[in-house]
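Enquirer: What follows is entry07.txt, compact mmCIF, C-alpha atoms.
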```txt
# COMPACT_ATOMS: atom_id res chain seq x y z
CA MET A 781 -17.30 -15.48 -4.40
CA ALA A 782 -15.16 -12.46 -3.52
CA ALA A 783 -11.84 -11.99 -5.28
CA TRP A 784 -8.80 -12.56 -3.05
CA TYR A 785 -7.90 -8.88 -2.92
CA GLU A 786 -11.30 -7.86 -1.57
CA GLU A 787 -10.54 -9.66 1.72
CA ALA A 788 -6.77 -9.17 1.75
CA ILE A 789 -4.58 -7.81 4.53
CA PHE A 790 -1.31 -6.54 3.03
CA TYR A 791 2.21 -6.41 4.38
CA HIS A 792 4.30 -3.74 2.67
CA MET A 793 8.01 -4.42 2.18
CA TYR A 794 10.50 -1.83 0.89
CA PRO A 795 13.29 -4.32 0.12
CA ILE A 796 16.24 -2.04 -0.65
CA GLY A 797 15.85 -0.44 2.76
CA MET A 798 14.83 -3.37 4.93
CA ALA A 799 17.58 -5.61 3.53
CA GLY A 800 20.25 -2.95 4.13
CA ALA A 801 21.26 -2.70 0.46
CA PRO A 802 23.61 0.12 -0.67
CA LYS A 803 21.89 3.40 -1.52
CA GLU A 804 23.54 3.47 -4.94
CA ASN A 805 23.72 0.58 -7.36
CA ARG A 806 27.31 0.64 -8.58
CA GLN A 807 28.15 -3.03 -8.23
CA THR A 808 28.63 -5.47 -11.09
CA GLU A 809 28.12 -8.65 -9.07
CA VAL A 810 24.85 -9.93 -7.59
CA THR A 811 24.36 -9.83 -3.81
CA HIS A 812 21.81 -12.42 -2.68
CA ARG A 813 19.76 -10.64 -0.02
CA PHE A 814 16.48 -12.39 -0.80
CA PRO A 815 17.17 -15.27 1.62
CA GLU A 816 16.99 -12.68 4.43
CA LEU A 817 13.76 -11.27 3.03
CA GLU A 818 12.30 -14.77 2.82
CA LYS A 819 12.67 -15.11 6.59
CA TRP A 820 9.94 -12.52 6.97
CA ILE A 821 7.30 -14.60 5.19
CA PRO A 822 6.36 -16.80 8.21
CA HIS A 823 6.23 -13.67 10.38
CA ILE A 824 3.88 -12.05 7.86
CA LYS A 825 1.69 -15.15 7.98
CA GLU A 826 1.66 -15.05 11.81
CA LEU A 827 0.48 -11.45 11.71
CA GLY A 828 -2.56 -12.60 9.76
CA CYS A 829 -1.54 -10.97 6.48
CA ASN A 830 -2.37 -12.85 3.30
CA ALA A 831 -0.75 -10.58 0.72
CA ILE A 832 2.64 -8.90 0.30
CA TYR A 833 3.31 -5.69 -1.56
CA ILE A 834 7.07 -5.68 -2.21
CA GLY A 835 8.87 -3.05 -4.19
CA PRO A 836 10.53 -1.50 -5.96
CA LEU A 837 12.35 -4.63 -7.08
CA PHE A 838 13.82 -4.16 -10.51
CA GLU A 839 17.26 -2.95 -11.53
CA SER A 840 17.64 0.72 -10.67
CA SER A 841 20.30 3.33 -9.96
CA THR A 842 19.38 4.39 -6.41
CA HIS A 843 16.04 4.24 -4.56
CA GLY A 844 14.37 1.81 -6.94
CA TYR A 845 12.07 4.19 -8.79
CA ASP A 846 14.76 5.24 -11.30
CA THR A 847 14.58 2.03 -13.33
CA LYS A 848 17.58 0.76 -15.30
CA ASP A 849 16.02 -2.53 -16.42
CA TYR A 850 12.44 -3.71 -15.89
CA ARG A 851 13.28 -7.31 -16.63
CA PHE A 852 15.92 -8.08 -14.02
CA VAL A 853 15.72 -7.97 -10.25
CA ASP A 854 18.00 -5.33 -8.73
CA LYS A 855 21.41 -6.98 -8.24
CA ARG A 856 21.65 -5.40 -4.78
CA LEU A 857 18.79 -7.77 -3.79
CA GLY A 858 19.53 -10.86 -5.86
CA ASP A 859 18.62 -12.31 -9.21
CA ASN A 860 15.43 -13.37 -10.93
CA GLN A 861 15.61 -16.89 -9.52
CA ASP A 862 15.82 -15.44 -6.01
CA PHE A 863 12.61 -13.52 -6.46
CA LYS A 864 10.93 -16.49 -8.12
CA ASN A 865 11.79 -18.52 -5.01
CA PHE A 866 10.43 -15.75 -2.77
CA VAL A 867 7.06 -15.75 -4.56
CA ALA A 868 6.87 -19.55 -4.47
CA LYS A 869 7.47 -19.62 -0.69
CA ALA A 870 4.84 -16.96 -0.14
CA HIS A 871 2.36 -18.89 -2.26
CA GLU A 872 3.07 -22.05 -0.25
CA LEU A 873 1.72 -20.19 2.80
CA GLY A 874 -1.29 -18.85 0.93
CA ILE A 875 0.16 -15.34 0.56
CA LYS A 876 -0.27 -13.36 -2.66
CA VAL A 877 2.54 -11.14 -3.96
CA ILE A 878 2.28 -7.83 -5.81
CA VAL A 879 5.16 -5.68 -7.06
CA ASP A 880 5.81 -2.06 -7.94
CA GLY A 881 5.21 -1.08 -11.55
CA VAL A 882 7.13 2.14 -12.23
CA PHE A 883 5.78 2.99 -15.66
CA ASN A 884 5.51 6.77 -15.63
CA HIS A 885 9.25 7.26 -15.95
CA THR A 886 12.62 5.53 -16.13
CA GLY A 887 16.02 6.41 -14.77
CA ARG A 888 18.71 7.97 -16.93
CA GLU A 889 20.55 4.64 -17.15
CA PHE A 890 17.66 2.96 -18.96
CA PHE A 891 18.76 1.69 -22.39
CA ALA A 892 16.41 3.91 -24.41
CA PHE A 893 17.54 7.12 -22.73
CA GLN A 894 21.19 6.20 -23.09
CA ASP A 895 20.63 5.61 -26.80
CA ILE A 896 19.29 9.17 -27.10
CA GLN A 897 22.38 10.46 -25.28
CA ARG A 898 24.61 8.68 -27.80
CA ASN A 899 22.70 9.18 -31.03
CA ARG A 900 20.68 12.33 -30.35
CA GLU A 901 18.24 13.05 -33.22
CA GLY A 902 19.30 9.79 -34.85
CA SER A 903 18.07 7.63 -31.96
CA ARG A 904 15.06 5.43 -32.69
CA TYR A 905 13.99 6.01 -29.07
CA VAL A 906 13.52 9.79 -29.25
CA ASN A 907 9.74 9.36 -29.12
CA TRP A 908 9.88 6.94 -26.19
CA TYR A 909 10.02 9.96 -23.87
CA LYS A 910 8.00 13.12 -23.46
CA GLY A 911 9.27 16.53 -24.51
CA VAL A 912 12.69 15.60 -25.85
CA TRP A 913 14.07 18.84 -27.35
CA PHE A 914 17.55 19.16 -28.78
CA GLY A 915 17.44 22.93 -28.53
CA GLY A 916 17.34 22.79 -24.75
CA ASN A 917 19.39 21.45 -21.86
CA THR A 918 19.16 20.40 -18.20
CA TRP A 919 21.58 20.65 -15.31
CA TYR A 920 22.89 17.23 -16.40
CA ASN A 921 24.19 19.05 -19.52
CA ASP A 922 23.11 16.35 -21.98
CA GLY A 923 22.71 18.92 -24.74
CA PHE A 924 18.96 18.33 -24.84
CA SER A 925 16.00 18.71 -22.49
CA TYR A 926 13.07 16.46 -21.64
CA GLU A 927 10.00 16.21 -19.44
CA ALA A 928 10.75 14.86 -15.95
CA TRP A 929 8.55 13.77 -13.07
CA ARG A 930 8.03 16.86 -10.89
CA ASN A 931 11.20 18.32 -12.46
CA CYS A 932 13.31 15.59 -10.88
CA PHE A 933 15.51 15.14 -13.93
CA GLU A 934 16.85 11.76 -12.81
CA LEU A 935 13.31 10.51 -13.60
CA VAL A 936 12.53 10.81 -17.31
CA ASN A 937 8.83 10.71 -18.26
CA LEU A 938 7.89 7.95 -20.70
CA ASN A 939 5.56 8.61 -23.62
CA LEU A 940 2.87 6.03 -22.87
CA GLN A 941 0.93 6.99 -26.01
CA ASN A 942 3.75 5.60 -28.12
CA PRO A 943 2.67 2.08 -29.20
CA GLU A 944 6.26 0.80 -28.93
CA VAL A 945 6.57 1.97 -25.33
CA LYS A 946 3.18 0.57 -24.43
CA GLY A 947 4.00 -2.74 -26.11
CA TYR A 948 7.35 -2.97 -24.35
CA LEU A 949 5.81 -2.40 -20.91
CA LEU A 950 2.94 -4.82 -21.47
CA GLU A 951 5.40 -7.44 -22.67
CA THR A 952 7.39 -6.80 -19.49
CA ILE A 953 4.34 -7.32 -17.28
CA HIS A 954 3.48 -10.52 -19.13
CA GLY A 955 7.03 -11.69 -18.45
CA TRP A 956 6.65 -10.92 -14.73
CA ILE A 957 3.52 -13.05 -14.60
CA GLN A 958 5.09 -15.92 -16.53
CA GLU A 959 8.48 -15.92 -14.79
CA PHE A 960 7.62 -14.93 -11.23
CA ASP A 961 3.89 -15.78 -10.97
CA ILE A 962 3.07 -12.42 -9.34
CA ASP A 963 -0.54 -11.68 -8.41
CA GLY A 964 -0.76 -7.96 -9.04
CA ILE A 965 0.94 -4.61 -9.49
CA ARG A 966 1.00 -1.43 -7.45
CA LEU A 967 1.29 1.36 -10.01
CA ASP A 968 3.64 4.14 -9.00
CA CYS A 969 2.36 7.66 -9.84
CA ALA A 970 -0.87 6.22 -11.19
CA ASP A 971 -2.39 9.70 -11.41
CA CYS A 972 0.26 10.54 -14.06
CA LEU A 973 -0.38 7.49 -16.25
CA ASP A 974 -2.16 7.57 -19.60
CA PHE A 975 -5.69 6.14 -19.36
CA GLY A 976 -5.31 4.29 -22.64
CA PHE A 977 -2.29 2.48 -21.23
CA LEU A 978 -4.20 1.63 -18.04
CA GLU A 979 -7.13 0.25 -20.05
CA ASP A 980 -4.85 -1.97 -22.11
CA MET A 981 -3.03 -3.17 -18.99
CA ARG A 982 -6.30 -4.02 -17.23
CA ARG A 983 -7.55 -5.96 -20.24
CA CYS A 984 -4.29 -7.82 -20.87
CA THR A 985 -3.52 -8.76 -17.26
CA GLY A 986 -7.05 -10.05 -16.81
CA GLU A 987 -6.47 -12.35 -19.77
CA TRP A 988 -3.03 -13.45 -18.58
CA LYS A 989 -4.00 -14.26 -14.98
CA GLN A 990 -7.37 -14.52 -13.30
CA ASP A 991 -7.95 -12.13 -10.38
CA PHE A 992 -4.79 -10.17 -11.20
CA TRP A 993 -4.95 -7.02 -9.07
CA LEU A 994 -4.08 -3.49 -10.18
CA MET A 995 -3.74 -0.83 -7.48
CA GLY A 996 -2.66 2.74 -8.14
CA GLU A 997 -0.80 5.31 -6.09
CA VAL A 998 -3.13 8.32 -6.17
CA ILE A 999 -2.67 11.02 -3.55
CA HIS A 1000 -5.12 13.78 -4.47
CA GLY A 1001 -8.25 14.10 -6.58
CA ASP A 1002 -11.16 11.83 -7.40
CA TYR A 1003 -10.17 8.26 -6.60
CA GLY A 1004 -13.28 6.91 -8.26
CA ARG A 1005 -12.29 7.94 -11.78
CA TYR A 1006 -9.57 5.26 -11.68
CA ILE A 1007 -11.79 2.46 -10.41
CA GLN A 1008 -15.31 2.71 -11.76
CA ASP A 1009 -16.22 -0.10 -14.09
CA GLY A 1010 -16.99 2.28 -16.93
CA TYR A 1011 -13.33 3.25 -17.11
CA ARG A 1012 -11.99 -0.30 -16.88
CA LEU A 1013 -8.78 0.98 -15.35
CA LEU A 1014 -7.77 -0.17 -11.84
CA HIS A 1015 -9.26 -2.24 -9.04
CA SER A 1016 -8.11 0.04 -6.23
CA VAL A 1017 -6.10 3.14 -5.33
CA THR A 1018 -4.35 4.41 -2.19
CA ASN A 1019 -6.65 6.16 0.29
CA TYR A 1020 -4.48 9.10 1.38
CA GLU A 1021 -7.54 10.98 2.56
CA LEU A 1022 -8.30 8.36 5.21
CA HIS A 1023 -4.59 8.02 6.06
CA LYS A 1024 -4.52 11.66 7.16
CA GLY A 1025 -7.72 11.40 9.17
CA LEU A 1026 -6.62 8.30 11.06
CA TYR A 1027 -3.73 10.02 12.81
CA SER A 1028 -4.95 13.63 13.00
CA GLY A 1029 -8.37 12.54 14.26
CA HIS A 1030 -6.60 10.98 17.24
CA ASN A 1031 -4.10 13.78 17.75
CA ASP A 1032 -6.97 16.29 17.93
CA HIS A 1033 -9.25 13.94 19.90
CA ASN A 1034 -11.71 14.47 17.07
CA TYR A 1035 -13.44 11.36 15.78
CA PHE A 1036 -15.70 13.58 13.68
CA GLU A 1037 -12.85 13.99 11.19
CA ILE A 1038 -12.54 10.25 10.66
CA ALA A 1039 -16.29 9.58 10.67
CA HIS A 1040 -16.97 12.40 8.20
CA THR A 1041 -14.26 11.07 5.87
CA ILE A 1042 -15.89 7.64 5.94
CA ARG A 1043 -19.37 9.11 5.38
CA ARG A 1044 -18.10 11.09 2.41
CA GLU A 1045 -16.33 8.08 0.93
CA PHE A 1046 -18.33 4.99 1.80
CA ASP A 1047 -21.74 5.80 3.23
CA SER A 1048 -24.39 3.62 1.57
CA ASN A 1049 -26.51 6.73 1.00
CA GLY A 1050 -24.32 9.05 -1.01
CA GLY A 1051 -20.73 7.94 -0.32
CA ILE A 1052 -18.76 8.88 -3.42
CA TYR A 1053 -16.72 5.64 -3.31
CA ARG A 1054 -19.39 3.29 -1.98
CA GLY A 1055 -18.88 -0.24 -3.22
CA MET A 1056 -15.21 0.42 -4.00
CA LYS A 1057 -12.29 -1.10 -2.11
CA LEU A 1058 -9.58 1.49 -1.54
CA TYR A 1059 -6.12 0.58 -0.21
CA SER A 1060 -5.86 1.76 3.41
CA PHE A 1061 -2.65 2.42 5.34
CA VAL A 1062 -1.37 4.37 8.33
CA ASP A 1063 2.20 4.77 7.03
CA ASN A 1064 4.36 3.72 4.11
CA HIS A 1065 7.77 4.33 2.53
CA ASP A 1066 6.89 7.93 1.64
CA VAL A 1067 5.32 9.25 4.85
CA ASP A 1068 6.35 9.40 8.51
CA ARG A 1069 5.82 6.32 10.65
CA LEU A 1070 2.58 6.27 12.61
CA ALA A 1071 4.44 6.09 15.93
CA SER A 1072 6.18 9.35 14.98
CA LYS A 1073 2.92 11.08 14.01
CA LEU A 1074 0.79 10.21 17.03
CA LYS A 1075 1.00 12.48 20.07
CA VAL A 1076 -0.28 9.72 22.38
CA PRO A 1077 1.48 6.32 21.99
CA GLY A 1078 -1.56 4.67 23.56
CA HIS A 1079 -3.52 5.53 20.43
CA LEU A 1080 -1.54 3.05 18.32
CA PRO A 1081 -3.91 0.08 18.86
CA LEU A 1082 -6.94 2.31 18.26
CA VAL A 1083 -5.66 3.49 14.89
CA TYR A 1084 -4.88 -0.06 13.76
CA THR A 1085 -8.33 -1.20 14.87
CA LEU A 1086 -9.93 1.41 12.63
CA LEU A 1087 -7.54 0.51 9.80
CA TYR A 1088 -8.72 -3.10 9.95
CA PHE A 1089 -12.46 -2.56 10.30
CA LEU A 1090 -13.33 0.63 8.46
CA PRO A 1091 -14.02 0.09 4.74
CA GLY A 1092 -10.86 -0.61 2.78
CA ILE A 1093 -8.03 -3.05 2.19
CA PRO A 1094 -5.63 -2.65 5.15
CA SER A 1095 -1.86 -2.62 4.86
CA ILE A 1096 0.92 -2.89 7.46
CA TYR A 1097 4.26 -1.24 6.63
CA TYR A 1098 7.23 -3.35 7.66
CA GLY A 1099 8.39 -2.61 11.20
CA SER A 1100 5.35 -0.58 12.15
CA GLU A 1101 3.76 -3.67 13.68
CA TRP A 1102 6.28 -3.08 16.49
CA GLY A 1103 5.61 0.65 16.66
CA ILE A 1104 9.01 1.78 15.37
CA GLN A 1105 9.53 5.47 14.63
CA GLY A 1106 10.82 7.26 11.55
CA ARG A 1107 10.45 10.77 10.16
CA LYS A 1108 11.37 12.26 6.81
CA GLU A 1109 14.41 14.52 7.18
CA GLY A 1110 13.99 17.27 4.62
CA GLY A 1111 14.01 15.38 1.33
CA ASN A 1112 15.61 12.31 2.88
CA ASP A 1113 13.30 9.28 3.09
CA ASP A 1114 15.89 6.94 4.60
CA PRO A 1115 14.53 7.24 8.19
CA MET A 1116 11.26 5.68 6.99
CA ARG A 1117 13.10 2.89 5.15
CA PRO A 1118 15.53 1.37 7.70
CA ALA A 1119 17.34 -1.94 7.61
CA LEU A 1120 15.68 -4.29 10.10
CA ASN A 1121 16.78 -7.64 11.48
CA LEU A 1122 13.71 -9.77 12.10
CA GLU A 1123 15.08 -11.71 15.06
CA GLU A 1124 16.37 -8.55 16.74
CA MET A 1125 13.04 -6.83 16.30
CA LYS A 1126 11.20 -9.69 17.95
CA VAL A 1127 13.43 -9.24 21.01
CA LYS A 1128 13.83 -5.45 21.07
CA ALA A 1129 10.47 -4.23 19.73
CA PRO A 1130 9.43 -0.89 21.25
CA HIS A 1131 5.77 -1.96 21.40
CA PRO A 1132 5.52 -5.80 21.36
CA GLU A 1133 1.95 -5.54 22.67
CA LEU A 1134 1.00 -3.79 19.43
CA THR A 1135 2.24 -6.77 17.42
CA GLU A 1136 0.00 -9.10 19.42
CA TRP A 1137 -2.96 -6.77 18.98
CA ILE A 1138 -2.45 -6.66 15.21
CA LYS A 1139 -2.41 -10.48 15.18
CA THR A 1140 -5.71 -10.42 17.08
CA LEU A 1141 -7.22 -7.95 14.62
CA GLY A 1142 -6.17 -10.15 11.70
CA LYS A 1143 -7.69 -13.22 13.33
CA ILE A 1144 -11.02 -11.50 13.98
CA ARG A 1145 -11.16 -10.04 10.48
CA GLY A 1146 -10.33 -13.41 8.94
CA GLU A 1147 -13.00 -15.24 10.92
CA HIS A 1148 -15.73 -12.70 10.15
CA PRO A 1149 -16.01 -11.90 6.41
CA GLU A 1150 -18.47 -9.10 7.14
CA SER A 1151 -15.46 -7.18 8.51
CA ALA A 1152 -14.21 -6.84 4.94
CA ASN A 1153 -17.35 -7.16 2.84
CA GLY A 1154 -20.11 -5.77 5.03
CA SER A 1155 -21.78 -2.41 4.55
CA TYR A 1156 -20.67 0.36 6.88
CA ARG A 1157 -23.05 1.89 9.44
CA GLU A 1158 -22.14 4.61 11.92
CA LEU A 1159 -23.68 3.87 15.32
CA LEU A 1160 -22.31 6.45 17.77
CA LEU A 1161 -20.08 9.49 17.45
CA THR A 1162 -18.57 12.03 19.83
CA ASN A 1163 -15.19 13.75 19.78
CA ARG A 1164 -13.70 10.97 21.88
CA GLN A 1165 -15.87 7.91 21.27
CA TYR A 1166 -16.80 6.30 17.98
CA ALA A 1167 -18.74 3.12 17.20
CA PHE A 1168 -19.71 1.59 13.90
CA ALA A 1169 -20.74 -1.72 12.38
CA ARG A 1170 -19.91 -3.75 9.30
CA ILE A 1171 -23.08 -5.60 8.32
CA GLN A 1172 -23.58 -8.43 5.84
CA ASP A 1173 -26.90 -10.30 5.65
CA ASP A 1174 -27.80 -11.08 9.27
CA LYS A 1175 -24.22 -10.82 10.55
CA ALA A 1176 -22.49 -7.79 12.04
CA VAL A 1177 -19.20 -6.80 13.61
CA VAL A 1178 -19.42 -3.83 15.98
CA VAL A 1179 -16.31 -1.76 16.76
CA ALA A 1180 -16.08 0.88 19.49
CA VAL A 1181 -13.05 3.04 20.36
CA ASN A 1182 -12.28 5.63 23.03
CA ASN A 1183 -9.44 8.09 22.34
CA ASP A 1184 -9.61 9.62 25.83
CA GLU A 1185 -6.31 8.62 27.43
CA ASN A 1186 -7.42 9.70 30.92
CA GLN A 1187 -10.81 8.16 31.59
CA GLU A 1188 -13.10 5.32 30.62
CA ALA A 1189 -16.38 5.86 28.82
CA GLN A 1190 -19.80 4.34 29.42
CA ILE A 1191 -21.69 4.23 26.13
CA ALA A 1192 -24.89 2.70 24.75
CA ILE A 1193 -24.50 1.56 21.15
CA PRO A 1194 -27.56 0.86 18.97
CA ALA A 1195 -27.53 -2.83 18.06
CA PRO A 1196 -27.21 -2.95 14.25
CA VAL A 1197 -29.02 -6.30 13.96
CA GLY A 1198 -31.80 -6.91 16.47
CA GLY A 1199 -32.52 -10.10 18.35
CA LYS A 1200 -28.90 -11.31 18.29
CA VAL A 1201 -26.43 -12.12 21.04
CA TYR A 1202 -23.27 -10.05 20.78
CA ARG A 1203 -20.06 -11.26 22.37
CA ASP A 1204 -16.67 -9.70 22.89
CA ALA A 1205 -14.44 -10.96 20.05
CA VAL A 1206 -11.41 -11.06 22.36
CA THR A 1207 -12.78 -12.41 25.66
CA GLY A 1208 -15.86 -14.24 24.41
CA GLU A 1209 -18.02 -12.55 27.03
CA CYS A 1210 -21.59 -11.63 26.12
CA CYS A 1211 -22.38 -7.94 25.84
CA PRO A 1212 -25.46 -6.84 27.80
CA GLU A 1213 -28.27 -5.39 25.69
CA GLU A 1214 -31.04 -3.16 26.94
CA GLY A 1215 -33.75 -1.68 24.77
CA GLY A 1216 -31.93 -2.49 21.56
CA ARG A 1217 -28.65 -0.98 22.77
CA LEU A 1218 -25.34 -2.56 23.73
CA LYS A 1219 -24.10 -1.31 27.10
CA VAL A 1220 -20.34 -0.93 26.77
CA THR A 1221 -17.58 0.26 29.08
CA LEU A 1222 -14.57 1.45 27.11
CA PRO A 1223 -11.32 1.81 29.09
CA ALA A 1224 -9.13 4.86 28.55
CA ASN A 1225 -7.49 4.39 25.13
CA GLY A 1226 -9.79 1.38 24.88
CA VAL A 1227 -11.18 -0.78 22.11
CA LYS A 1228 -14.08 -3.22 22.05
CA ILE A 1229 -15.00 -5.47 19.14
CA PHE A 1230 -18.25 -7.42 19.23
CA VAL A 1231 -19.29 -10.26 16.94
CA MET A 1232 -22.26 -12.60 16.72
```
Take the structure in the file and write it out as structure tokens.
Expert:
Amino acid sequence: MAAWYEEAIFYHMYPIGMAGAPKENRQTEVTHRFPELEKWIPHIKELGCNAIYIGPLFESSTHGYDTKDYRFVDKRLGDNQDFKNFVAKAHELGIKVIVDGVFNHTGREFFAFQDIQRNREGSRYVNWYKGVWFGGNTWYNDGFSYEAWRNCFELVNLNLQNPEVKGYLLETIHGWIQEFDIDGIRLDCADCLDFGFLEDMRRCTGEWKQDFWLMGEVIHGDYGRYIQDGYRLLHSVTNYELHKGLYSGHNDHNYFEIAHTIRREFDSNGGIYRGMKLYSFVDNHDVDRLASKLKVPGHLPLVYTLLYFLPGIPSIYYGSEWGIQGRKEGGNDDPMRPALNLEEMKVKAPHPELTEWIKTLGKIRGEHPESANGSYRELLLTNRQYAFARIQDDKAVVVAVNNDENQEAQIAIPAPVGGKVYRDAVTGECCPEEGGRLKVTLPANGVKIFVM
């Protein structure tokens, strides 16, 4: 039986932004914003999502990735009981919950760093961080220097080879599982993390909770080195390579880019990540919204169709189910992380038809396990038309898309499993077959999904 995450559809929540919390955490009291976040859970269920990635969550100074305290929910969002309630309500609807694990670095307000500021060479936490040197300095003028993530000195790199640091973080994760009953962790900056730490985390979390999922943020490089069983590290990583292809392949009317990416990654004969389940997305809290990247708005449903049926674990970023826009402004990520009111969005959504289409995609994927677990087979490819199948045993789902916004396309798709009746997954109509080929008319900016 497949693990839950192998058939999951994720909904990604950036809570500090979507709840409209202050950009800086300077308050002493707790503000209970989780009740507003809880209102989204039924909506997430209606979309067909069965997992939530929410984060960052824990006490931080600003954007959430400059941690002050790993063991308390950020007071701008609520308290630990609030988040415990959130997870329980999600679980009641059959939705798993994973959180951000920011273990490469802490913020400068973390207790260990502040102890070094006070006690300098005499601090017992000097070796908790990388490169602490009391002969140097930074622009913060602490009177010492240290290694920082990408030279962002508000983010101080932890020394994950220090047994005390490793023990503290593993104890923290165990506490998250015990107190909140979370189902997994998305590891921030996973490509920066020590492999020994990842191995210990994989082993411990597997003992603490069955089917606990570990997914890493990896932008460049060989994704497979983090997943392959021999390494015993993570279950999945972010597929930034496919993310790029999904929008640029449509902007350039070039399905070869997407198809070649999938061949390289997942083809059963030579795909470098075949058999692995990477985390797929079209936008997130760090990159421009899909609706701001696409040149043709009519391509939105096509991109989401590919997200759902190409190999991978699909994820919807909050608000993008309505086609909202948002671009990074210089180094400012706020436009991609807006406060949203759920009820207002349901009334004022820029693309409500996209929301309904995403619900349809989730329903089809949920009713046909081969959509998630089947092997991938390319069936037809031109610059503007693309068809493929997901095949498991004697079942297949066939997906065809046409990125030409001006004219329909008449195509003949090789039937991946012979002697079967294929029907339109949306209308229920049978698809005519001649000589082992499915005769399909794709409207301009059209999609067809066929099932058995």
Enquirer: Ranking A:Tyr920, A:Val879, A:Val1177, A:Gly902 by minimum distance to Glu1147 in chain A and counting all atoms listed in the file, which one comes first?
Expert: A:Val1177
Enquirer: Just want the 6 Å neighbourhood of Lys910 in chain A, counted on all atoms listed in the file, with same-chain residues fewer than 6 positions away dropped. Output as an mmCIF file with C-alpha atoms, in the frame of the given file.
Expert:
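The result, stored in selection_28.cif:
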```cif
data_model
loop_
_atom_site.group_PDB
_atom_site.id
_atom_site.type_symbol
_atom_site.label_atom_id
_atom_site.label_comp_id
_atom_site.auth_asym_id
_atom_site.auth_seq_id
_atom_site.Cartn_x
_atom_site.Cartn_y
_atom_site.Cartn_z
ATOM 1 C CA GLU A 927 10.000 16.210 -19.440
ATOM 2 C CA ASN A 937 8.830 10.710 -18.260
ATOM 3 C CA LEU A 938 7.890 7.950 -20.700
ATOM 4 C CA ASN A 939 5.560 8.610 -23.620
#
```
Enquirer: Quick one: residues within 10 Å of Gly874 in chain A, all atoms listed in the file counted, chain neighbours fewer than 6 positions away excluded, as a list in words?
Expert: Lys825, Cys829, Asn830, Ala831 and Ala868 of chain A
Enquirer: Residues near range 849-855 of chain A, anyone? I mean within 7 Å using only C-alpha atoms, not counting same-chain ones fewer than 4 positions away, as a PyMOL selection string.
Expert: chain A and resi 809-811+837-840+859-860+890+952
Enquirer: For the atom pair CA of Val1083 in chain A and CA of Leu1026 in chain A, what is the interatomic distance in Å to one decimal place?
Expert: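 Computing the Euclidean distance for CA of Val1083 in chain A and CA of Leu1026 in chain A yields 6.2 Å.
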Enquirer: May I have the residues within 10 Å of Pro1091 in chain A as number ranges by chain, using all atoms listed in the file and disregarding those fewer than 2 positions away in the same chain?
Expert: A: 1042, 1045-1047, 1054-1060, 1086-1089, 1093-1094, 1151-1156, 1170
Enquirer: So the first atom is CA of Ala1192 in chain A and the second is CA of Leu1218 in chain A; what is the distance between them in Å, to one decimal place?
Expert: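 Distance reported for this atom pair: 5.4 Å.
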Enquirer: Considering only C-alpha atoms, state which residue in the set A:Ala870, A:Glu1158, A:Leu1070, A:Ala801 is at the smallest distance from His823 in chain A.
Expert: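 Going through A:Ala870, A:Glu1158, A:Leu1070, A:Ala801 one by one, the smallest distance to His823 in chain A is for A:Ala870.
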Enquirer: Name all residues at most 8 Å from Tyr794 in chain A (count only C-alpha atoms; drop same-chain ones fewer than 6 positions away) and give them as a PyMOL selection string.
Expert: chain A and resi 834-836+1065+1098+1117
Enquirer: Tell me, in Å to one decimal, how far CA of Arg888 in chain A is from CA of Ile957 in chain A.
Expert: 26.0 Å
Enquirer: Pick the closest to Arg898 in chain A from A:Gly923, A:Pro1077, A:Pro815, A:Gly858: which is it, counting only C-alpha atoms?
Expert: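 Closest candidate: A:Gly923.
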Enquirer: With distances taken over only C-alpha atoms, which residue among A:Asn1182, A:Asn1163, A:Thr1135, A:Gln861 lies nearest His1079 in chain A?
Expert: A:Asn1182
Enquirer: So which one's closest to Gln1187 in chain A, A:Pro795, A:Pro1223, A:Pro1132, A:Gly976? Using all atoms listed in the file, please.
Expert: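 Of A:Pro795, A:Pro1223, A:Pro1132, A:Gly976, the one nearest Gln1187 in chain A, counting all atoms listed in the file, is A:Pro1223.
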Enquirer: Given all atoms listed in the file as the basis, pick out the residue of A:Gly1146, A:Pro802, A:Gly1226, A:Gly1199 nearest to Ala1180 in chain A.
Expert: A:Gly1226
Enquirer: Pop range 863-867 of chain A out of the structure in the block and write N, CA, C and O atoms as an mmCIF file, in the first residue's frame.
Expert:
```
data_model
loop_
_atom_site.group_PDB
_atom_site.id
_atom_site.type_symbol
_atom_site.label_atom_id
_atom_site.label_comp_id
_atom_site.auth_asym_id
_atom_site.auth_seq_id
_atom_site.Cartn_x
_atom_site.Cartn_y
_atom_site.Cartn_z
ATOM 1 N N PHE A 863 -2.188 26.018 17.391
ATOM 2 C CA PHE A 863 -1.711 25.185 16.293
ATOM 3 C C PHE A 863 -2.113 23.729 16.497
ATOM 4 O O PHE A 863 -2.450 23.022 15.539
ATOM 5 N N LYS A 864 -2.112 23.283 17.728
ATOM 6 C CA LYS A 864 -2.575 21.923 18.020
ATOM 7 C C LYS A 864 -4.014 21.750 17.554
ATOM 8 O O LYS A 864 -4.376 20.722 16.952
ATOM 9 N N ASN A 865 -4.849 22.754 17.803
ATOM 10 C CA ASN A 865 -6.245 22.713 17.352
ATOM 11 C C ASN A 865 -6.327 22.686 15.824
ATOM 12 O O ASN A 865 -7.171 21.986 15.249
ATOM 13 N N PHE A 866 -5.477 23.477 15.180
ATOM 14 C CA PHE A 866 -5.451 23.537 13.711
ATOM 15 C C PHE A 866 -5.159 22.155 13.130
ATOM 16 O O PHE A 866 -5.848 21.682 12.221
ATOM 17 N N VAL A 867 -4.139 21.484 13.664
ATOM 18 C CA VAL A 867 -3.774 20.160 13.158
ATOM 19 C C VAL A 867 -4.913 19.166 13.396
ATOM 20 O O VAL A 867 -5.250 18.361 12.509
#
```
